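Structure data follow from upload-v9.txt (compact mmCIF, C-alpha atoms):
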# COMPACT_ATOMS: atom_id res chain seq x y z
CA THR A 1 170.87 126.95 92.25
CA PHE A 2 167.82 127.79 90.09
CA ALA A 3 169.77 127.56 86.82
CA HIS A 4 172.94 125.92 88.13
CA PRO A 5 172.26 122.31 89.13
CA THR A 6 175.09 120.26 90.54
CA ILE A 7 176.35 118.07 87.73
CA LEU A 8 178.85 115.27 87.25
CA ASP A 9 182.26 116.25 85.92
CA THR A 10 181.57 114.14 82.85
CA LYS A 11 178.56 116.23 81.83
CA SER A 12 177.98 119.80 80.71
CA ILE A 13 174.77 121.83 80.63
CA SER A 14 172.75 122.28 77.46
CA LEU A 15 169.83 124.72 77.60
CA GLY A 16 166.78 124.08 75.44
CA LEU A 17 166.48 127.49 73.78
CA SER A 18 163.31 128.59 71.99
CA GLY A 19 161.83 131.95 71.09
CA GLY A 20 159.84 132.11 74.32
CA ILE A 21 160.45 134.06 77.50
CA ASP A 22 161.01 131.11 79.85
CA SER A 23 164.18 129.77 78.24
CA ARG A 24 165.36 133.38 77.94
CA VAL A 25 165.07 133.80 81.72
CA ILE A 26 167.23 130.73 82.27
CA LEU A 27 169.69 131.94 79.64
CA SER A 28 169.97 135.27 81.48
CA LEU A 29 170.73 133.52 84.77
CA LEU A 30 173.23 131.15 83.17
CA GLY A 31 174.96 134.02 81.44
CA SER A 32 175.30 135.94 84.71
CA SER A 33 177.71 133.34 86.09
CA ALA A 34 181.32 133.12 85.01
CA HIS A 35 181.82 129.81 86.80
CA GLN A 36 179.84 127.40 84.65
CA SER A 37 180.00 126.91 80.90
CA PHE A 38 176.97 125.81 78.92
CA SER A 39 175.68 125.28 75.41
CA THR A 40 172.21 125.44 73.86
CA HIS A 41 170.08 123.15 71.75
CA THR A 42 166.99 123.56 69.59
CA PHE A 43 164.65 121.06 67.91
CA GLY A 44 162.27 121.68 65.05
CA HIS A 45 161.51 122.73 61.48
CA PRO A 46 164.03 125.28 60.14
CA ASN A 47 161.23 127.72 59.24
CA ASP A 48 159.67 127.64 62.70
CA PRO A 49 160.01 131.08 64.35
CA ASP A 50 161.14 129.33 67.55
CA VAL A 51 164.09 127.90 65.65
CA ARG A 52 164.87 131.12 63.79
CA VAL A 53 164.76 133.40 66.83
CA SER A 54 166.86 131.01 68.91
CA GLU A 55 169.42 130.94 66.09
CA GLN A 56 169.55 134.75 66.05
CA ILE A 57 170.12 134.79 69.81
CA VAL A 58 173.00 132.32 69.81
CA ARG A 59 174.70 134.17 66.97
CA LYS A 60 174.38 137.49 68.76
CA LEU A 61 175.68 136.08 72.04
CA HIS A 62 178.28 133.79 70.41
CA LEU A 63 176.91 130.67 72.08
CA GLU A 64 177.39 127.04 71.14
CA ARG A 65 174.23 125.57 69.59
CA LEU A 66 173.18 122.03 68.78
CA TYR A 67 170.39 121.93 66.22
CA PHE A 68 168.36 118.76 65.64
CA TYR A 69 166.09 118.25 62.66
CA GLU A 70 165.94 115.03 60.68
CA PRO A 71 163.72 113.57 57.95
CA ILE A 72 160.88 111.27 58.96
CA PRO A 73 162.39 107.79 59.29
CA PRO A 74 161.29 104.83 57.10
CA VAL A 75 157.72 103.67 57.64
CA GLU A 76 158.40 100.61 59.79
CA GLU A 77 160.84 102.51 61.98
CA CYS A 78 158.37 105.39 62.27
CA ILE A 79 155.55 103.06 63.36
CA ALA A 80 157.83 101.41 65.94
CA MET A 81 158.74 104.85 67.31
CA VAL A 82 155.05 105.75 67.55
CA ARG A 83 154.21 102.56 69.44
CA SER A 84 157.02 103.10 71.94
CA PHE A 85 156.23 106.81 72.42
CA VAL A 86 152.47 106.40 72.82
CA SER A 87 152.74 103.47 75.22
CA GLN A 88 154.94 105.57 77.53
CA THR A 89 153.15 108.92 77.41
CA ASP A 90 149.58 107.87 78.27
CA LEU A 91 147.71 110.08 75.77
CA ILE A 92 149.21 113.40 76.86
CA GLU A 93 150.63 114.07 73.38
CA PRO A 94 149.46 112.96 69.93
CA ALA A 95 151.42 110.29 68.09
CA SER A 96 152.98 112.80 65.70
CA SER A 97 154.77 114.52 68.60
CA VAL A 98 157.33 111.72 68.60
CA LEU A 99 158.95 113.45 65.62
CA LYS A 100 159.77 116.59 67.63
CA LEU A 101 160.55 114.73 70.87
CA ARG A 102 162.92 112.10 69.49
CA TYR A 103 166.21 113.97 69.81
CA TYR A 104 166.98 113.64 73.52
CA PRO A 105 169.27 110.61 73.05
CA GLY A 106 171.42 112.90 70.88
CA LEU A 107 172.02 115.10 73.91
CA HIS A 108 172.76 112.08 76.08
CA ALA A 109 175.30 110.84 73.51
CA ARG A 110 177.11 114.18 73.88
CA ASN A 111 177.20 113.88 77.70
CA LYS A 112 174.79 116.76 78.22
CA LEU A 113 172.61 117.56 81.19
CA MET A 114 169.51 119.07 79.63
CA LEU A 115 168.13 122.25 81.18
CA ASP A 116 164.59 123.06 80.07
CA GLY A 117 162.07 125.85 80.69
CA GLY A 118 159.04 123.56 80.66
CA PHE A 119 156.01 124.76 82.66
CA GLY A 120 157.45 128.25 83.00
CA GLU A 121 153.95 129.48 82.17
CA ILE A 122 152.90 128.76 85.75
CA HIS A 123 155.12 131.62 86.93
CA ARG A 124 153.59 134.01 84.39
CA ARG A 125 149.97 133.39 85.32
CA GLN A 126 149.15 131.65 82.05
CA TYR A 127 147.11 128.62 83.13
CA LEU A 128 143.32 128.36 83.45
CA ASN A 129 142.70 131.93 82.33
CA ARG A 130 139.48 130.91 80.60
CA LEU A 131 138.17 129.58 83.90
CA LEU A 132 139.19 132.81 85.61
CA ARG A 133 137.58 134.96 82.95
CA PHE A 134 134.27 133.16 82.62
CA GLY A 135 133.91 130.96 85.68
CA LYS A 136 134.90 132.74 88.88
CA ARG A 137 131.59 131.96 90.55
CA TYR A 138 131.93 128.30 89.53
CA MET A 139 135.38 128.26 91.10
CA ARG A 140 133.87 129.61 94.31
CA ASN A 141 130.95 127.19 94.50
CA GLY A 142 132.68 124.18 92.95
CA ASP A 143 130.15 123.66 90.13
CA ALA A 144 131.89 120.67 88.55
CA ARG A 145 129.72 120.58 85.44
CA ALA A 146 130.30 124.26 84.63
CA ILE A 147 134.01 124.00 85.45
CA PHE A 148 134.39 121.03 83.14
CA SER A 149 132.65 122.85 80.29
CA LEU A 150 135.24 125.65 80.56
CA MET A 151 138.22 123.29 80.78
CA ARG A 152 137.18 120.78 78.14
CA VAL A 153 139.33 120.40 75.02
CA MET A 154 138.09 118.36 72.08
CA ARG A 155 140.58 115.84 70.65
CA ALA A 156 138.68 113.49 68.36
CA ASP A 157 135.02 112.52 67.93
CA ILE A 158 135.48 108.74 67.89
CA PHE A 159 133.43 107.26 70.71
CA SER A 160 129.80 106.27 70.99
CA ARG A 161 127.55 108.83 72.67
CA ASP A 162 127.06 106.61 75.73
CA VAL A 163 130.82 106.35 76.20
CA ASP A 164 131.26 110.11 75.72
CA ASP A 165 128.65 110.70 78.41
CA GLU A 166 130.42 108.32 80.77
CA PHE A 167 133.71 110.11 80.21
CA VAL A 168 132.05 113.43 81.03
CA ARG A 169 130.54 112.05 84.23
CA GLY A 170 133.94 110.72 85.26
CA CYS A 171 135.62 114.08 84.64
CA GLU A 172 132.97 115.95 86.58
CA HIS A 173 133.33 113.50 89.47
CA GLN A 174 137.10 114.01 89.54
CA ILE A 175 136.70 117.80 89.48
CA ALA A 176 134.25 117.62 92.40
CA GLU A 177 136.72 115.48 94.36
CA LEU A 178 139.55 117.90 93.60
CA TRP A 179 137.54 120.89 94.75
CA GLU A 180 136.89 119.18 98.07
CA THR A 181 140.66 119.18 98.71
CA MET A 182 141.19 122.81 97.67
CA PRO A 183 141.26 125.86 99.94
CA ARG A 184 138.59 128.47 99.31
CA SER A 185 139.41 130.79 96.44
CA ALA A 186 138.51 133.79 98.60
CA GLN A 187 141.08 132.62 101.12
CA VAL A 188 144.06 132.34 98.76
CA GLY A 189 142.95 134.63 95.92
CA GLU A 190 141.34 133.54 92.67
CA GLU A 191 144.52 133.61 90.59
CA ASN A 192 146.52 131.70 93.19
CA PHE A 193 143.64 129.24 93.35
CA ALA A 194 143.81 128.69 89.58
CA ASP A 195 147.57 128.18 89.73
CA LEU A 196 147.18 125.69 92.56
CA VAL A 197 144.65 123.74 90.47
CA ALA A 198 147.18 123.70 87.62
CA ILE A 199 149.95 122.45 89.91
CA ARG A 200 147.77 119.68 91.32
CA THR A 201 146.38 118.53 87.97
CA ARG A 202 148.38 119.60 84.93
CA PHE A 203 151.80 118.92 86.40
CA PRO A 204 151.25 115.28 87.39
CA ASN A 205 148.72 114.33 84.71
CA TYR A 206 150.33 116.06 81.74
CA GLY A 207 153.92 116.51 82.82
CA GLY A 208 154.38 113.24 84.68
CA PRO A 209 154.29 110.67 81.86
CA GLU A 210 156.56 112.65 79.53
CA GLN A 211 158.96 113.39 82.39
CA ALA A 212 159.18 109.67 83.12
CA ARG A 213 159.94 108.96 79.45
CA LEU A 214 162.44 111.80 79.33
CA ASP A 215 164.27 110.54 82.41
CA GLY A 216 164.98 107.32 80.51
CA GLU A 217 166.62 109.20 77.62
CA VAL A 218 168.69 112.05 79.06
CA VAL A 219 169.73 113.47 82.42
CA ASN A 220 167.62 116.60 82.80
CA TYR A 221 166.61 119.37 85.17
CA MET A 222 163.40 121.42 85.04
CA PRO A 223 163.85 124.55 87.19
CA PHE A 224 160.30 125.86 86.95
CA VAL A 225 158.68 122.79 88.50
CA GLN A 226 160.92 122.55 91.54
CA PRO A 227 158.76 122.62 94.71
CA SER A 228 160.91 125.31 96.34
CA LEU A 229 160.42 127.63 93.38
CA LEU A 230 156.69 126.90 93.19
CA ARG A 231 156.33 127.86 96.86
CA CYS A 232 158.16 131.12 96.15
CA MET A 233 155.92 131.70 93.16
CA LEU A 234 152.74 131.36 95.21
CA ALA A 235 154.18 133.76 97.79
CA THR A 236 154.97 136.36 95.11
CA PRO A 237 152.31 139.05 94.51
CA VAL A 238 150.17 138.16 91.50
CA ALA A 239 150.84 141.59 89.99
CA GLU A 240 154.51 140.63 89.69
CA ARG A 241 153.65 137.41 87.87
CA ARG A 242 151.09 138.64 85.37
CA ASN A 243 152.47 139.28 81.87
CA GLY A 244 155.77 137.75 82.98
CA LYS A 245 156.59 141.03 84.69
CA ALA A 246 159.20 139.61 87.08
CA TYR A 247 160.85 137.56 84.36
CA ARG A 248 160.99 140.48 81.94
CA ARG A 249 162.74 142.45 84.68
CA ILE A 250 165.29 139.66 85.21
CA ILE A 251 166.07 139.56 81.50
CA SER A 252 166.30 143.35 81.23
CA LEU A 253 168.69 143.55 84.18
CA LEU A 254 170.94 140.58 83.47
CA ARG A 255 170.86 140.32 79.67
CA PRO A 256 169.32 143.50 78.24
CA GLU A 257 170.43 142.52 74.73
CA LEU A 258 167.87 139.69 74.84
CA THR A 259 165.05 142.26 74.85
CA GLU A 260 166.00 143.13 71.27
CA PHE A 261 164.69 139.79 69.99
CA PRO A 262 160.97 139.17 69.47
CA LEU A 263 159.08 136.56 71.43
CA VAL A 264 157.34 133.67 69.70
CA LYS A 265 153.77 132.50 70.22
CA SER A 266 151.60 130.18 68.10
CA GLY A 267 153.89 130.32 65.09
CA THR A 268 154.20 134.13 65.05
CA THR A 269 156.41 136.74 66.66
CA TYR A 270 155.71 139.90 68.65
CA PRO A 271 157.91 142.54 70.33
CA PHE A 272 159.47 141.65 73.69
CA ASN A 273 157.78 144.41 75.68
CA VAL A 274 154.23 143.79 74.41
CA SER A 275 151.79 142.72 77.14
CA THR A 276 150.16 139.28 77.17
CA THR A 277 146.80 140.69 76.06
CA ALA A 278 148.33 142.71 73.24
CA ALA A 279 150.42 139.72 72.18
CA TRP A 280 147.27 137.59 71.99
CA GLY A 281 145.58 140.16 69.75
CA LEU A 282 148.64 140.62 67.57
CA THR A 283 149.14 136.90 67.01
CA LYS A 284 145.44 136.52 66.13
CA LEU A 285 145.75 139.34 63.59
CA LYS A 286 148.91 137.91 62.05
CA THR A 287 147.24 134.51 61.81
CA LYS A 288 144.29 136.02 59.92
CA MET A 289 146.74 137.75 57.59
CA GLY A 290 148.45 134.44 56.82
CA LEU A 291 151.65 135.45 58.61
CA ARG A 292 151.71 132.46 60.95
CA PHE A 293 154.08 129.55 60.43
CA VAL A 294 152.18 126.31 59.93
CA ASP A 295 154.33 123.28 60.58
CA PRO A 296 153.85 120.73 57.76
CA THR A 297 155.14 117.85 59.88
CA LEU A 298 151.72 116.52 60.93
CA HIS A 299 150.51 116.09 57.36
CA GLU A 300 153.87 114.69 56.26
CA PHE A 301 153.69 112.18 59.13
CA LEU A 302 150.13 111.03 58.35
CA GLN A 303 150.87 110.76 54.65
CA HIS A 304 154.06 108.85 55.36
CA ILE A 305 152.21 106.15 57.33
CA SER A 306 148.94 106.42 55.39
CA GLU A 307 148.70 102.71 54.58
CA PHE A 308 149.13 101.78 58.24
CA VAL A 309 146.52 104.31 59.40
CA GLN A 310 143.93 103.35 56.78
CA ASP A 311 144.39 99.64 57.37
CA LEU A 312 144.02 100.20 61.09
CA ALA A 313 140.77 102.14 60.62
CA HIS A 314 139.28 99.09 58.87
CA ALA A 315 140.83 96.44 61.15
CA GLN A 316 138.66 94.03 63.10
CA VAL A 317 140.10 95.20 66.44
CA VAL A 318 138.72 98.66 65.65
CA ARG A 319 135.40 97.53 64.16
CA THR A 320 134.62 95.42 67.22
CA PHE A 321 135.83 97.64 70.04
CA TRP A 322 132.74 98.36 72.10
CA ALA A 323 133.55 102.00 72.96
CA TYR A 324 134.11 103.20 69.40
CA ASP A 325 131.75 104.56 66.82
CA ALA A 326 133.60 102.55 64.17
CA ALA A 327 131.67 104.01 61.25
CA ARG A 328 132.57 107.54 62.33
CA ILE A 329 136.24 106.57 62.61
CA ARG A 330 136.30 105.10 59.10
CA LYS A 331 134.62 108.22 57.73
CA LEU A 332 137.08 110.46 59.58
CA VAL A 333 140.10 108.64 58.15
CA GLU A 334 138.65 108.32 54.64
CA GLU A 335 137.75 112.00 54.46
CA TYR A 336 141.15 113.10 55.66
CA TYR A 337 142.96 111.02 53.05
CA ALA A 338 140.48 112.19 50.42
CA GLY A 339 141.73 115.73 50.98
CA ASN A 340 140.04 117.21 54.07
CA ALA A 341 143.22 118.49 55.73
CA GLY A 342 141.25 120.02 58.60
CA LEU A 343 140.72 116.53 60.04
CA ALA A 344 144.44 115.84 60.50
CA SER A 345 144.49 116.52 64.24
CA GLN A 346 141.52 114.23 64.89
CA VAL A 347 143.13 111.43 62.88
CA ASP A 348 146.34 111.94 64.82
CA TRP A 349 144.52 111.72 68.16
CA TRP A 350 142.47 108.68 67.14
CA LEU A 351 145.67 106.94 66.04
CA THR A 352 147.21 107.84 69.40
CA PHE A 353 144.32 106.37 71.36
CA GLU A 354 144.21 103.20 69.27
CA VAL A 355 147.94 102.51 69.53
CA TRP A 356 147.78 103.18 73.29
CA ARG A 357 144.75 100.89 73.65
CA GLN A 358 146.49 98.09 71.79
CA ALA A 359 149.60 98.46 73.95
CA LEU A 360 147.41 98.38 77.06
CA HIS A 361 145.67 95.17 76.03
CA HIS A 362 148.48 93.64 73.98
CA GLU A 363 146.29 93.53 70.89
CA PRO A 364 147.80 93.19 67.42
CA GLY A 365 147.50 96.20 65.09
Could I get this structure in the form of structure tokens?
Amino acid sequence: TFAHPTILDTKSISLGLSGGIDSRVILSLLGSSAHQSFSTHTFGHPNDPDVRVSEQIVRKLHLERLYFYEPIPPVEECIAMVRSFVSQTDLIEPASSVLKLRYYPGLHARNKLMLDGGFGEIHRRQYLNRLLRFGKRYMRNGDARAIFSLMRVMRADIFSRDVDDEFVRGCEHQIAELWETMPRSAQVGEENFADLVAIRTRFPNYGGPEQARLDGEVVNYMPFVQPSLLRCMLATPVAERRNGKAYRRIISLLRPELTEFPLVKSGTTYPFNVSTTAAWGLTKLKTKMGLRFVDPTLHEFLQHISEFVQDLAHAQVVRTFWAYDAARIRKLVEEYYAGNAGLASQVDWWLTFEVWRQALHHEPG
């Protein structure tokens, strides 16, 4: 039942196929059954290695493929899409992500049940590795401040220092509360402990809002987050999970031809049998050599709605919001549109927060 959910007679399965290992595992299991037909789908820029590798796979295996990639819609429609997306996803994704996550209704219109490999990383021991590498003693003693410093990800420098400090205190308090509910890492093993933290935090906080939005757009099934499979995962020896060892074995046994195609990570490719550590080093090297695909969509998006973003940065609702450093926000936006492309992600995240805040308080933009 892992890759074969019970479906209505009016629907057929469509697998979200990328260049990664997780969708390839599901493809191997689907292909091992002669009793259920399926198709595949892929979203994204045509030059993205994920798109290219998935296209090579479906050609080799003679599979049906739906490919979705459309121009950015007109400005007013784009802004309306952003407002709807951001208000539903609670800051888990930047506003620009709506452009790659807008195609699910197209699957629904074709009576598809979407099968997706989301969160497959949990079964390959990919979460919280920084904490494991640098913070094992903090995991053991529950040092919330040190744990937070290793888990923190910077989005945009837009708040006053007092507000930033309050956010940090709140995060540290939540970490301390979480650790009180956790078993001892020595009892379950440090890597199992890290995966359990990921299940209890990343799944509901990151996965939950998008899953709720997704459920309103297409019937879907996410095998890797099913509780029964997660229990099996935690009972599987860690050595079998590291480097996707078990999943590589499944692919090699059921669909050995899939091992001929490279895997995709961070806009680059690497051979199927390369270990996780070697893959990390190889992708870093290829990035330094300029061999990494850089998706232009973010800049195209921000340029497309530039008037809206710049007007918003100077709007009264932004200038007077007590938590902001309004001068820093104006400088951030002005410098990006003056040519500092490195600020694009921060502008995207500030826009996300502001649109979400307005939706929360019903303020006009």
**Atomic separation - atom CA of A:Ile57 relative to atom CA of A:Ser97, Å** = 25.5 Å
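Shortest atom-to-atom contact with A:Leu214 among A:Gly170, A:Pro237, A:Gly281, A:Pro105: A:Pro105, counting only C-alpha atoms.
Atom CA of A:Ser23 is positioned 12.0 Å from atom CA of A:Val53.
All residues of protein, DNA or RNA that reach within 7 Å of stretch 81-90 of chain A, judged by all atoms listed in the file and not counting those fewer than 6 positions away in the chain, are Val98, Pro209, Glu210, Arg213, Thr352, Val355, Trp356 and Ala359 of chain A.
Using only C-alpha atoms, the smallest distance between any of A:Val225, A:Ala239, A:Leu196, A:Val333 and A:Gln211 comes from A:Val225.
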**Asked** Looking at A:Glu335, A:Glu354, A:Glu300, A:Glu191, which one is nearest to A:Leu128, with distances taken over only C-alpha atoms?
**Response** A:Glu191
**Prompt:** Near stretch 267-280 of chain A, within 7 Å and counting only C-alpha atoms, which residues show up once chain neighbours fewer than 3 positions away are dropped, as a PyMOL selection string?
**Reply:** chain A and resi 48-49+243+259+261-264+283-284+292-294
**Fill in**
note - atom CA of A:Ile21 and atom CA of A:Leu282 are separated by 16.8 Å
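Checking A:Val309, A:Leu258, A:Ile329, A:Val318 one by one against A:Gln56, counting all atoms listed in the file, you find the shortest gap at A:Leu258.
Using all atoms listed in the file, the smallest distance between any of A:Gln316, A:Ser185, A:Asp325, A:Val347 and A:Phe159 comes from A:Asp325.
With only C-alpha atoms as the basis for measurement, A:Gln174 is the residue among A:Gln174, A:Gln226, A:Thr287, A:Thr201 that approaches A:Gly142 most closely.
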Selection near A:Ile158, 12 Å with all atoms listed in the file, sequence-local residues under 4 positions removed, as a tab-separated table (two decimals) with C-alpha atoms, keeping the file's coordinate frame:
chain	number	residue	atom	x	y	z
A	154	MET	CA	138.09	118.36	72.08
A	162	ASP	CA	127.06	106.61	75.73
A	163	VAL	CA	130.82	106.35	76.20
A	164	ASP	CA	131.26	110.11	75.72
A	313	ALA	CA	140.77	102.14	60.62
A	318	VAL	CA	138.72	98.66	65.65
A	319	ARG	CA	135.40	97.53	64.16
A	321	PHE	CA	135.83	97.64	70.04
A	322	TRP	CA	132.74	98.36	72.10
A	323	ALA	CA	133.55	102.00	72.96
A	324	TYR	CA	134.11	103.20	69.40
A	325	ASP	CA	131.75	104.56	66.82
A	326	ALA	CA	133.60	102.55	64.17
A	327	ALA	CA	131.67	104.01	61.25
A	328	ARG	CA	132.57	107.54	62.33
A	329	ILE	CA	136.24	106.57	62.61
A	330	ARG	CA	136.30	105.10	59.10
A	331	LYS	CA	134.62	108.22	57.73
A	332	LEU	CA	137.08	110.46	59.58
A	333	VAL	CA	140.10	108.64	58.15
A	346	GLN	CA	141.52	114.23	64.89
A	347	VAL	CA	143.13	111.43	62.88
A	348	ASP	CA	146.34	111.94	64.82
A	349	TRP	CA	144.52	111.72	68.16
A	350	TRP	CA	142.47	108.68	67.14
A	351	LEU	CA	145.67	106.94	66.04
A	352	THR	CA	147.21	107.84	69.40
A	353	PHE	CA	144.32	106.37	71.36
A	354	GLU	CA	144.21	103.20	69.27
**Item:** Polymer residues at most 12 Å from A:Leu234, all atoms listed in the file, same-chain spacing of 4 or more positions, as a PyMOL selection string
**Value:** chain A and resi 122-125+188-196+199+227-230+238-241
Please, could you write that set of residues out with C-alpha atoms as a PDB file, in the frame of the given file?
ATOM      1  CA  ILE A 122     152.900 128.760  85.750  1.00  0.00           C
ATOM      2  CA  HIS A 123     155.120 131.620  86.930  1.00  0.00           C
ATOM      3  CA  ARG A 124     153.590 134.010  84.390  1.00  0.00           C
ATOM      4  CA  ARG A 125     149.970 133.390  85.320  1.00  0.00           C
ATOM      5  CA  VAL A 188     144.060 132.340  98.760  1.00  0.00           C
ATOM      6  CA  GLY A 189     142.950 134.630  95.920  1.00  0.00           C
ATOM      7  CA  GLU A 190     141.340 133.540  92.670  1.00  0.00           C
ATOM      8  CA  GLU A 191     144.520 133.610  90.590  1.00  0.00           C
ATOM      9  CA  ASN A 192     146.520 131.700  93.190  1.00  0.00           C
ATOM     10  CA  PHE A 193     143.640 129.240  93.350  1.00  0.00           C
ATOM     11  CA  ALA A 194     143.810 128.690  89.580  1.00  0.00           C
ATOM     12  CA  ASP A 195     147.570 128.180  89.730  1.00  0.00           C
ATOM     13  CA  LEU A 196     147.180 125.690  92.560  1.00  0.00           C
ATOM     14  CA  ILE A 199     149.950 122.450  89.910  1.00  0.00           C
ATOM     15  CA  PRO A 227     158.760 122.620  94.710  1.00  0.00           C
ATOM     16  CA  SER A 228     160.910 125.310  96.340  1.00  0.00           C
ATOM     17  CA  LEU A 229     160.420 127.630  93.380  1.00  0.00           C
ATOM     18  CA  LEU A 230     156.690 126.900  93.190  1.00  0.00           C
ATOM     19  CA  VAL A 238     150.170 138.160  91.500  1.00  0.00           C
ATOM     20  CA  ALA A 239     150.840 141.590  89.990  1.00  0.00           C
ATOM     21  CA  GLU A 240     154.510 140.630  89.690  1.00  0.00           C
ATOM     22  CA  ARG A 241     153.650 137.410  87.870  1.00  0.00           C
TER      23      ARG A 241
END
